[in-house]
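As provided, structure14.txt (compact mmCIF, C-alpha atoms (C1' of nucleotides)) reads as follows.
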# COMPACT_ATOMS: atom_id res chain seq x y z
CA MET A 1214 68.88 136.95 131.87
CA ALA A 1215 67.29 136.99 135.31
CA VAL A 1216 66.09 140.58 134.84
CA HIS A 1217 64.82 139.71 131.39
CA ALA A 1218 62.80 136.82 132.78
CA LEU A 1219 61.45 138.85 135.71
CA GLY A 1220 60.59 141.73 133.39
CA MET A 1221 58.51 139.39 131.27
CA LEU A 1222 56.81 138.02 134.40
CA ALA A 1223 56.03 141.52 135.67
CA CYS A 1224 54.59 142.58 132.31
CA GLN A 1225 52.57 139.41 132.02
CA GLY A 1226 51.22 140.16 135.47
CA ALA A 1227 50.17 136.67 136.51
CA ARG A 1228 50.73 135.88 140.18
CA GLY A 1229 49.68 133.17 142.57
CA ALA A 1230 47.47 130.64 140.83
CA GLY A 1231 47.75 131.91 137.25
CA PRO A 1232 49.26 129.86 134.45
CA GLY A 1233 52.55 131.78 134.39
CA LEU A 1234 55.19 131.57 131.69
CA THR A 1235 57.13 128.49 130.62
CA SER A 1236 60.89 128.38 130.51
CA ALA A 1237 60.58 127.69 126.78
CA THR A 1238 58.68 130.96 126.24
CA ILE A 1239 61.25 132.98 128.19
CA ALA A 1240 64.10 131.20 126.43
CA GLY A 1241 62.59 132.21 123.11
CA SER A 1242 62.72 135.89 124.02
CA VAL A 1243 66.21 135.65 125.51
CA ARG A 1244 67.37 133.46 122.61
CA THR A 1245 68.92 130.74 124.70
CA ASN A 1246 68.14 127.23 125.88
CA PRO A 1247 65.21 126.56 128.25
CA VAL A 1248 67.56 124.70 130.61
CA VAL A 1249 69.70 127.82 130.97
CA ILE A 1250 66.59 129.78 131.92
CA ARG A 1251 65.59 127.10 134.41
CA ARG A 1252 69.02 127.33 136.03
CA VAL A 1253 68.55 131.07 136.54
CA LEU A 1254 64.98 130.58 137.73
CA ALA A 1255 66.23 128.01 140.24
CA ASP A 1256 68.38 130.74 141.86
CA LEU A 1257 65.39 133.10 141.94
CA ARG A 1258 63.20 130.38 143.41
CA ARG A 1259 65.74 129.63 146.15
CA ALA A 1260 65.73 133.34 146.95
CA GLY A 1261 61.93 133.30 147.21
CA LEU A 1262 61.33 135.66 144.27
CA VAL A 1263 59.37 133.28 142.03
CA THR A 1264 57.40 130.09 142.42
CA THR A 1265 57.40 127.33 139.83
CA ARG A 1266 54.79 124.70 139.06
CA ARG A 1267 55.57 121.47 137.28
CA GLY A 1268 53.50 119.56 134.82
CA ALA A 1269 50.96 120.50 132.19
CA GLY A 1270 49.75 124.07 132.54
CA GLY A 1271 52.66 124.83 134.87
CA GLY A 1272 55.29 127.51 134.57
CA VAL A 1273 56.69 130.38 136.58
CA VAL A 1274 54.97 133.24 138.44
CA LEU A 1275 56.21 135.96 140.75
CA ALA A 1276 56.15 135.00 144.42
CA ARG A 1277 55.59 138.59 145.65
CA ALA A 1278 54.09 141.83 144.46
CA PRO A 1279 56.33 143.51 141.83
CA SER A 1280 56.66 146.50 144.17
CA ARG A 1281 58.37 144.27 146.73
CA ILE A 1282 61.07 142.85 144.44
CA THR A 1283 64.11 145.00 143.67
CA LEU A 1284 66.98 144.37 141.29
CA ARG A 1285 69.17 144.23 144.39
CA CYS A 1286 67.36 141.05 145.39
CA VAL A 1287 68.03 139.71 141.91
CA TRP A 1288 71.72 140.61 142.10
CA ASP A 1289 72.03 138.88 145.45
CA ALA A 1290 70.08 135.84 144.28
CA VAL A 1291 71.98 135.28 141.06
CA ASP A 1292 75.53 136.44 141.76
CA ALA A 1293 75.48 135.27 145.39
CA GLY A 1294 78.09 137.63 146.75
CA GLU A 1295 80.54 137.65 143.90
CA PRO A 1296 83.09 140.42 144.55
CA LEU A 1297 83.18 143.51 142.33
CA PHE A 1298 86.93 143.13 141.95
CA ALA A 1299 88.74 140.12 143.32
CA PRO A 1300 92.07 140.11 145.10
CA HIS A 1301 94.85 137.94 143.79
CA PRO A 1302 93.83 134.41 144.86
CA ALA A 1303 97.28 133.57 146.25
CA GLY A 1304 97.22 136.56 148.61
CA PRO A 1305 100.16 138.89 149.16
CA ASP A 1306 103.50 137.88 150.64
CA PRO A 1307 102.79 137.66 154.41
CA GLY A 1308 106.25 139.02 155.07
CA CYS A 1309 105.63 142.24 153.13
CA PRO A 1310 103.80 144.87 155.23
CA THR A 1311 102.91 146.93 152.15
CA GLY A 1312 101.30 143.92 150.53
CA ARG A 1313 99.12 143.20 153.55
CA ALA A 1314 98.16 146.85 153.89
CA VAL A 1315 97.11 147.09 150.23
CA ALA A 1316 94.97 143.97 150.54
CA GLY A 1317 93.27 145.30 153.66
CA TYR A 1318 92.57 148.70 152.20
CA LEU A 1319 91.19 147.22 148.98
CA ALA A 1320 88.82 145.02 150.97
CA GLY A 1321 87.30 148.11 152.59
CA LEU A 1322 87.10 149.97 149.31
CA ARG A 1323 85.43 147.01 147.66
CA GLY A 1324 82.84 146.96 150.41
CA ARG A 1325 82.05 150.64 149.86
CA ALA A 1326 81.80 150.27 146.08
CA GLU A 1327 79.56 147.23 146.32
CA ALA A 1328 77.30 149.04 148.78
CA LEU A 1329 76.86 151.83 146.22
CA VAL A 1330 75.94 149.42 143.45
CA ARG A 1331 73.54 147.51 145.65
CA ALA A 1332 71.90 150.75 146.75
CA GLU A 1333 71.42 151.82 143.14
CA LEU A 1334 69.93 148.44 142.23
CA GLY A 1335 67.74 148.62 145.34
CA LYS A 1336 66.05 151.72 143.91
CA VAL A 1337 64.57 149.71 141.05
CA THR A 1338 61.55 147.63 141.91
CA LEU A 1339 59.95 145.28 139.43
CA ALA A 1340 56.93 147.58 139.44
CA ARG A 1341 59.10 150.49 138.38
CA LEU A 1342 60.84 148.29 135.83
CA GLN A 1343 57.47 147.38 134.36
CA ARG A 1344 56.52 151.06 134.05
CA GLU A 1345 59.84 151.80 132.34
CA LEU A 1346 59.35 148.88 129.99
CA SER A 1347 55.87 149.91 128.91
CA ARG A 1348 57.18 153.44 128.41
CA ARG A 1349 59.76 152.02 126.03
CA ILE A 1350 57.33 149.66 124.32
CA HIS A 1351 54.62 152.32 123.80
CA PRO A 1352 56.69 155.47 123.23
CA GLN A 1353 53.76 157.79 122.42
CA GLY A 1354 50.38 157.64 124.07
CA ASP A 1355 51.32 157.34 127.70
CA HIS A 1356 51.08 161.11 128.08
CA ARG A 1357 47.38 160.72 127.30
CA ALA A 1358 46.61 157.72 129.47
CA MET B 760 97.63 143.58 141.28
CA ALA B 761 97.83 146.99 139.63
CA VAL B 762 96.91 148.76 142.88
CA HIS B 763 99.38 146.62 144.76
CA ALA B 764 102.17 147.61 142.37
CA LEU B 765 101.23 151.29 142.42
CA GLY B 766 100.97 151.25 146.20
CA MET B 767 104.50 149.95 146.41
CA LEU B 768 105.67 152.60 143.96
CA ALA B 769 103.96 155.36 145.93
CA CYS B 770 105.47 154.17 149.20
CA GLN B 771 108.90 153.82 147.67
CA GLY B 772 108.52 157.37 146.45
CA ALA B 773 111.00 157.40 143.60
CA ARG B 774 109.91 159.40 140.60
CA GLY B 775 111.51 160.67 137.42
CA ALA B 776 115.17 159.65 137.29
CA GLY B 777 115.27 157.38 140.37
CA PRO B 778 116.05 153.67 140.18
CA GLY B 779 112.46 152.51 140.63
CA LEU B 780 111.32 148.97 141.42
CA THR B 781 111.84 145.89 139.30
CA SER B 782 109.03 143.65 138.18
CA ALA B 783 110.74 140.84 140.11
CA THR B 784 110.56 142.83 143.36
CA ILE B 785 106.87 143.61 142.89
CA ALA B 786 106.16 140.03 141.86
CA GLY B 787 107.74 138.86 145.11
CA SER B 788 105.31 140.95 147.17
CA VAL B 789 102.30 139.96 145.07
CA ARG B 790 103.46 136.34 144.96
CA THR B 791 103.17 135.89 141.23
CA ASN B 792 105.39 135.76 138.17
CA PRO B 793 107.35 138.86 137.02
CA VAL B 794 105.86 138.49 133.54
CA VAL B 795 102.35 138.81 134.98
CA ILE B 796 103.41 142.04 136.69
CA ARG B 797 104.95 143.32 133.47
CA ARG B 798 101.68 142.67 131.65
CA VAL B 799 99.82 144.80 134.19
CA LEU B 800 102.52 147.47 134.11
CA ALA B 801 102.25 147.55 130.32
CA ASP B 802 98.59 148.62 130.68
CA LEU B 803 99.56 151.29 133.21
CA ARG B 804 102.36 152.49 130.94
CA ARG B 805 100.01 152.76 127.96
CA ALA B 806 97.69 154.83 130.16
CA GLY B 807 100.58 157.14 131.06
CA LEU B 808 100.60 156.29 134.78
CA VAL B 809 104.10 154.82 135.02
CA THR B 810 107.29 154.94 133.02
CA THR B 811 109.58 151.95 132.64
CA ARG B 812 113.29 151.80 131.95
CA ARG B 813 115.00 148.79 130.49
CA GLY B 814 118.42 147.45 131.21
CA ALA B 815 120.64 147.31 134.23
CA GLY B 816 119.49 149.67 136.99
CA GLY B 817 116.12 150.02 135.26
CA GLY B 818 112.67 149.39 136.65
CA VAL B 819 109.39 151.22 137.08
CA VAL B 820 108.59 154.66 138.47
CA LEU B 821 105.42 156.73 138.67
CA ALA B 822 104.94 159.04 135.72
CA ARG B 823 103.00 161.68 137.70
CA ALA B 824 102.73 162.95 141.24
CA PRO B 825 100.82 160.46 143.46
CA SER B 826 98.21 163.16 144.09
CA ARG B 827 97.39 163.16 140.38
CA ILE B 828 96.75 159.43 139.99
CA THR B 829 93.42 158.02 141.16
CA LEU B 830 92.22 154.44 141.35
CA ARG B 831 89.70 155.41 138.70
CA CYS B 832 92.59 155.88 136.26
CA VAL B 833 93.84 152.44 137.27
CA TRP B 834 90.41 150.87 136.74
CA ASP B 835 90.15 152.44 133.30
CA ALA B 836 93.70 151.47 132.38
CA VAL B 837 93.48 147.83 133.44
CA ASP B 838 89.88 146.83 132.80
CA ALA B 839 89.53 149.01 129.72
CA GLY B 840 85.79 149.50 129.81
CA GLU B 841 84.71 146.06 130.90
CA PRO B 842 81.01 146.21 131.78
CA LEU B 843 79.85 145.76 135.39
CA PHE B 844 77.25 143.25 134.26
CA ALA B 845 77.14 142.00 130.70
CA PRO B 846 74.03 141.44 128.59
CA HIS B 847 73.48 138.05 127.06
CA PRO B 848 75.94 137.97 124.13
CA ALA B 849 73.34 136.71 121.66
CA GLY B 850 71.05 139.68 122.35
CA PRO B 851 67.29 139.39 122.81
CA ASP B 852 64.85 138.21 120.18
CA PRO B 853 64.45 141.24 117.87
CA GLY B 854 60.81 140.34 117.44
CA CYS B 855 60.04 140.57 121.16
CA PRO B 856 59.35 144.15 122.31
CA THR B 857 59.79 143.25 125.97
CA GLY B 858 63.18 141.76 125.27
CA ARG B 859 64.42 144.88 123.52
CA ALA B 860 63.02 147.13 126.24
CA VAL B 861 64.74 145.16 128.99
CA ALA B 862 68.08 145.32 127.16
CA GLY B 863 67.73 149.06 126.67
CA TYR B 864 66.80 149.76 130.27
CA LEU B 865 69.63 147.61 131.60
CA ALA B 866 72.12 149.49 129.45
CA GLY B 867 71.10 152.74 131.12
CA LEU B 868 71.16 151.22 134.58
CA ARG B 869 74.59 149.77 133.95
CA GLY B 870 75.84 153.21 132.96
CA ARG B 871 74.53 154.72 136.20
CA ALA B 872 76.04 151.97 138.37
CA GLU B 873 79.41 152.18 136.65
CA ALA B 874 79.44 155.95 137.10
CA LEU B 875 78.95 155.46 140.84
CA VAL B 876 81.82 153.01 141.09
CA ARG B 877 84.12 155.19 139.01
CA ALA B 878 83.26 158.20 141.17
CA GLU B 879 84.08 156.27 144.32
CA LEU B 880 87.38 155.09 142.86
CA GLY B 881 88.08 158.65 141.70
CA LYS B 882 88.08 159.82 145.32
CA VAL B 883 91.17 157.75 146.09
CA THR B 884 94.45 159.24 144.90
CA LEU B 885 97.73 157.38 145.21
CA ALA B 886 98.78 160.02 147.74
CA ARG B 887 95.76 159.18 149.89
CA LEU B 888 96.38 155.47 149.38
CA GLN B 889 99.95 155.94 150.59
CA ARG B 890 98.72 157.72 153.74
CA GLU B 891 96.22 154.94 154.39
CA LEU B 892 98.91 152.32 153.89
CA SER B 893 101.35 153.91 156.32
CA ARG B 894 98.51 154.22 158.81
CA ARG B 895 97.99 150.46 158.51
CA ILE B 896 101.70 149.65 158.56
CA HIS B 897 102.47 151.84 161.60
CA PRO B 898 99.26 151.49 163.67
CA GLN B 899 100.48 153.46 166.68
CA GLY B 900 102.75 156.48 166.50
CA ASP B 901 101.16 158.44 163.71
CA HIS B 902 99.17 160.42 166.27
CA ARG B 903 102.50 161.77 167.48
CA ALA B 904 104.20 162.51 164.16
C1' DC C 915 130.96 142.57 125.96
C1' DG C 916 128.50 140.76 129.74
C1' DT C 917 124.98 141.58 133.11
C1' DT C 918 120.58 143.23 134.12
C1' DA C 919 115.99 144.30 133.13
C1' DT C 920 111.89 145.13 130.27
C1' DG C 921 108.73 143.71 126.00
C1' DT C 922 106.35 140.30 123.91
C1' DA C 923 104.92 136.11 121.87
C1' DA C 924 103.62 131.36 122.65
C1' DC C 925 101.81 127.70 125.15
C1' DC C 926 99.72 125.22 129.20
C1' DG C 927 96.35 124.34 132.82
C1' DG C 928 92.34 125.26 135.39
C1' DA C 929 87.97 127.81 136.22
C1' DA C 930 83.74 129.67 134.61
C1' DC C 931 79.84 129.85 131.58
C1' DG C 932 76.47 128.88 128.09
C1' DG C 933 74.65 125.07 125.35
C1' DT C 934 72.95 120.46 124.92
C1' DT C 935 71.22 115.88 125.99
C1' DG C 936 69.08 112.65 128.95
C1' DC C 937 66.22 111.24 132.49
C1' DA C 938 63.42 111.56 136.74
C1' DT C 939 59.35 113.78 138.58
C1' DA C 940 55.06 116.09 138.95
C1' DT C 941 50.69 117.80 137.00
C1' DG C 942 46.58 118.18 134.24
C1' DA C 943 43.50 116.43 130.49
C1' DC C 944 41.42 112.57 128.32
C1' DG D 784 45.33 104.73 133.96
C1' DT D 785 47.69 106.93 130.35
C1' DC D 786 49.66 110.41 127.78
C1' DA D 787 51.30 114.98 126.89
C1' DT D 788 53.39 118.77 129.22
C1' DA D 789 56.65 121.09 132.05
C1' DT D 790 60.11 121.62 135.69
C1' DG D 791 64.53 119.66 138.31
C1' DC D 792 68.81 118.17 137.85
C1' DA D 793 72.96 115.80 136.63
C1' DA D 794 76.43 115.13 133.15
C1' DC D 795 79.10 116.50 129.43
C1' DC D 796 81.08 119.52 125.64
C1' DG D 797 83.23 123.65 123.66
C1' DT D 798 84.65 128.21 124.25
C1' DT D 799 86.68 131.87 126.69
C1' DC D 800 89.40 133.95 130.09
C1' DC D 801 93.23 134.33 133.18
C1' DG D 802 97.36 133.42 135.63
C1' DG D 803 101.72 130.83 135.19
C1' DT D 804 105.69 129.62 132.59
C1' DT D 805 109.22 129.51 129.12
C1' DA D 806 111.74 131.56 125.50
C1' DC D 807 113.71 135.08 123.04
C1' DA D 808 114.49 139.89 121.40
C1' DT D 809 115.77 144.48 122.94
C1' DA D 810 117.82 148.03 125.60
C1' DA D 811 120.80 150.19 129.14
C1' DC D 812 124.69 150.42 132.27
C1' DG D 813 129.55 149.32 133.57
Target encoding structure tokens, full file:
Amino acid sequence: MAVHALGMLACQGARGAGPGLTSATIAGSVRTNPVVIRRVLADLRRAGLVTTRRGAGGGVVLARAPSRITLRCVWDAVDAGEPLFAPHPAGPDPGCPTGRAVAGYLAGLRGRAEALVRAELGKVTLARLQRELSRRIHPQGDHRA
Amino acid sequence: MAVHALGMLACQGARGAGPGLTSATIAGSVRTNPVVIRRVLADLRRAGLVTTRRGAGGGVVLARAPSRITLRCVWDAVDAGEPLFAPHPAGPDPGCPTGRAVAGYLAGLRGRAEALVRAELGKVTLARLQRELSRRIHPQGDHRA
DNA sequence: CGTTATGTAACCGGAACGGTTGCATATGAC
DNA sequence: GTCATATGCAACCGTTCCGGTTACATAACG
């Protein structure tokens, strides 16, 4: 939902003082409730990716240039360090050396796997996302422009 | 939990006709209920990674050599194609081109990210896991053996 | 035949998430 | 000032998921 909202903002292009989009407009495209969108936008605002303006004529705009926002920022802002695969909450039997060794090894492996995912998401800026989106929205014709 | 169980099986080393480990033994190390372990082992059995034997003297043993089982097999067996990040279940508004484009692009990105994770997990065989575990269990002394 | 162990269904409890309502707050137009 | 608009946020509901637990059937060994 966060990428959906940011994709709409990037395509709409407004930034800074423009009118922006309302949570109701975004919710219409995502097919959910405006409050749900506002909850996601609150995470993005706390991460400094968007700025919101209240009141009539308000809405949401990007806080930075689309080339300076990556999907890795979005992942970090929304999921806030949620592990790719979680260990058993109770933890292994402290008296079992194998159990402790498995937990330790899995922690390192999880770190490596998450680094790969974050690197892949870091390759995608909002600017690139916008280009990909317009390529998908206007399938023919971009070879001429 | 699946990796924990398989790590114990690899360290214990029995294969084929040996006695194997019981779900109660594994559950003791994981600190959970034997039924929970059996549910995980059922997935691994369906994937052909372990074989189970009922009755007195029964238990679980690896179905293949530890060098021929990777954590990627485990991931596939247990999580059964669960997506790394899920799209909004309702799907975007079919009338919004941006919404459809975002969903399509994210599907491709998800495929790339999952391929990276599966490749990383595919590097780790149970044989390598067992070596790593004994390195962690016997910190000094393996430079001499 | 009894003991041991898996296989599986059923149910419970808590956590997480989207959906919804309600209300406070801020902003712009009149 | 007043009203319409829009976000911010808390509270609550229903669903889903997952681990934990019990219960019972089944199978193997002595």
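CA of Pro1247 (chain A) sits 17.7 Å away from CA of Thr857 (chain B).
With all atoms listed in the file as the atoms that count, the minimum distance from DA787 (chain D) to the choices A:Ala1269, A:Ala1223, A:Leu1339, A:Leu1334 is reached by A:Ala1269.
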Contacts between region 917-927 of chain C and chain D, please, where a residue of chain D counts if it comes within 12 Å (with all atoms listed in the file); show its shortest atom pair and distance in Å to one decimal, rows by chain and ascending number, as a tab-separated table.
residue	atom	partner	partner_atom	distance
D:DC801	C1'	C:DG927	C1'	10.5
D:DG802	C1'	C:DG927	C1'	9.6
D:DG803	C1'	C:DC926	C1'	8.4
D:DT804	C1'	C:DC926	C1'	8.2
D:DT805	C1'	C:DC925	C1'	8.6
D:DA806	C1'	C:DA924	C1'	8.6
D:DC807	C1'	C:DA923	C1'	8.9
D:DA808	C1'	C:DG921	C1'	8.3
D:DT809	C1'	C:DG921	C1'	7.7
D:DA810	C1'	C:DT920	C1'	8.1
D:DA811	C1'	C:DT918	C1'	8.6
D:DC812	C1'	C:DT918	C1'	8.5
D:DG813	C1'	C:DT917	C1'	9.0
- Might you pull out every residue within 12 Å of DT799 (chain D), with only C-alpha atoms (C1' of nucleotides) counted and same-chain residues fewer than 5 positions away left off, and present them as number ranges by chain? C: 929-932
Restrict the calculation to all atoms listed in the file, then for each residue of chain C with any atom at most 10 Å from an atom of chain A give the closest atom pair and their distance in Å to one decimal, rows by chain and rising residue number, as a Markdown table.
| residue | atom | partner | partner_atom | distance |
| --- | --- | --- | --- | --- |
| C:DG932 | C1' | A:Val1249 | CA | 7.4 |
| C:DG933 | C1' | A:Asn1246 | CA | 6.9 |
| C:DT934 | C1' | A:Asn1246 | CA | 8.4 |
| C:DT939 | C1' | A:Arg1267 | CA | 8.7 |
| C:DA940 | C1' | A:Gly1268 | CA | 5.6 |
| C:DT941 | C1' | A:Gly1268 | CA | 4.0 |
| C:DG942 | C1' | A:Ala1269 | CA | 5.4 |
| C:DA943 | C1' | A:Ala1269 | CA | 8.7 |
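CA of Ile796 (chain B) lies 21.8 Å from CA of Pro1296 (chain A).
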- Message: Using only C-alpha atoms (C1' of nucleotides), which protein or nucleic acid residues come within 8 Å of Val837 (chain B)? Drop anything in the same chain fewer than 2 positions from it, and give the result as a VMD selection string.
- Response: chain B and resid 761 799 802 to 803 833 to 835 839
Determine which residues of chain D sit within 9 Å of chain A, taking into account only C-alpha atoms (C1' of nucleotides), and present them as a compact mmCIF listing (two decimals) with C-alpha atoms (C1' of nucleotides), keeping the file's coordinate frame.
# COMPACT_ATOMS: atom_id res chain seq x y z
C1' DA D 787 51.30 114.98 126.89
C1' DT D 788 53.39 118.77 129.22
C1' DA D 789 56.65 121.09 132.05
C1' DT D 790 60.11 121.62 135.69
C1' DG D 791 64.53 119.66 138.31
What are the nearest atom pairs, with distances in Å to one decimal, for all residues of chain B that come at most 7 Å from chain A, using all atoms listed in the file, set out by chain and rising residue number as CSV?
residue,atom,partner,partner_atom,distance
B:Met760,CA,A:His1301,CA,6.8
B:His763,CA,A:Val1315,CA,5.9
B:Gly766,CA,A:Val1315,CA,7.0
B:Met767,CA,A:Thr1311,CA,6.7
B:Ser788,CA,A:Asp1306,CA,5.0
B:Val789,CA,A:Pro1305,CA,4.7
B:Arg790,CA,A:Asp1306,CA,5.9
B:His847,CA,A:Met1214,CA,6.7
B:Ala849,CA,A:Arg1244,CA,6.9
B:Pro851,CA,A:Val1243,CA,4.7
B:Asp852,CA,A:Ser1242,CA,5.0
B:Cys855,CA,A:Ser1242,CA,6.1
B:Pro856,CA,A:Ile1350,CA,6.2
B:Thr857,CA,A:Met1221,CA,6.7
B:Gly858,CA,A:Ser1242,CA,6.0
B:Ala860,CA,A:Leu1346,CA,5.5
B:Val861,CA,A:His1217,CA,6.0
B:Ala872,CA,A:Val1330,CA,5.7
B:Leu875,CA,A:Leu1329,CA,6.8
B:Val876,CA,A:Ala1326,CA,5.7
B:Glu879,CA,A:Ala1326,CA,6.7
B:Leu892,CA,A:Ala1314,CA,5.5
B:Arg895,CA,A:Ala1314,CA,5.9
B:Ile896,CA,A:Pro1310,CA,6.2
Taking (71.8, 113.6, 138.2) as a centre in this file's frame and 9 Å as the limit, can you find every polymer residue with an atom that close, using only C-alpha atoms (C1' of nucleotides), and give them as a PDB file with C-alpha atoms (C1' of nucleotides), in the frame of the given file?
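For reference, point.pdb as written:
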ATOM      1  C1'  DC C 937      66.220 111.240 132.490  1.00  0.00           C
ATOM      2  C1'  DA C 938      63.420 111.560 136.740  1.00  0.00           C
TER       3       DA C 938
ATOM      4  C1'  DC D 792      68.810 118.170 137.850  1.00  0.00           C
ATOM      5  C1'  DA D 793      72.960 115.800 136.630  1.00  0.00           C
ATOM      6  C1'  DA D 794      76.430 115.130 133.150  1.00  0.00           C
TER       7       DA D 794
END
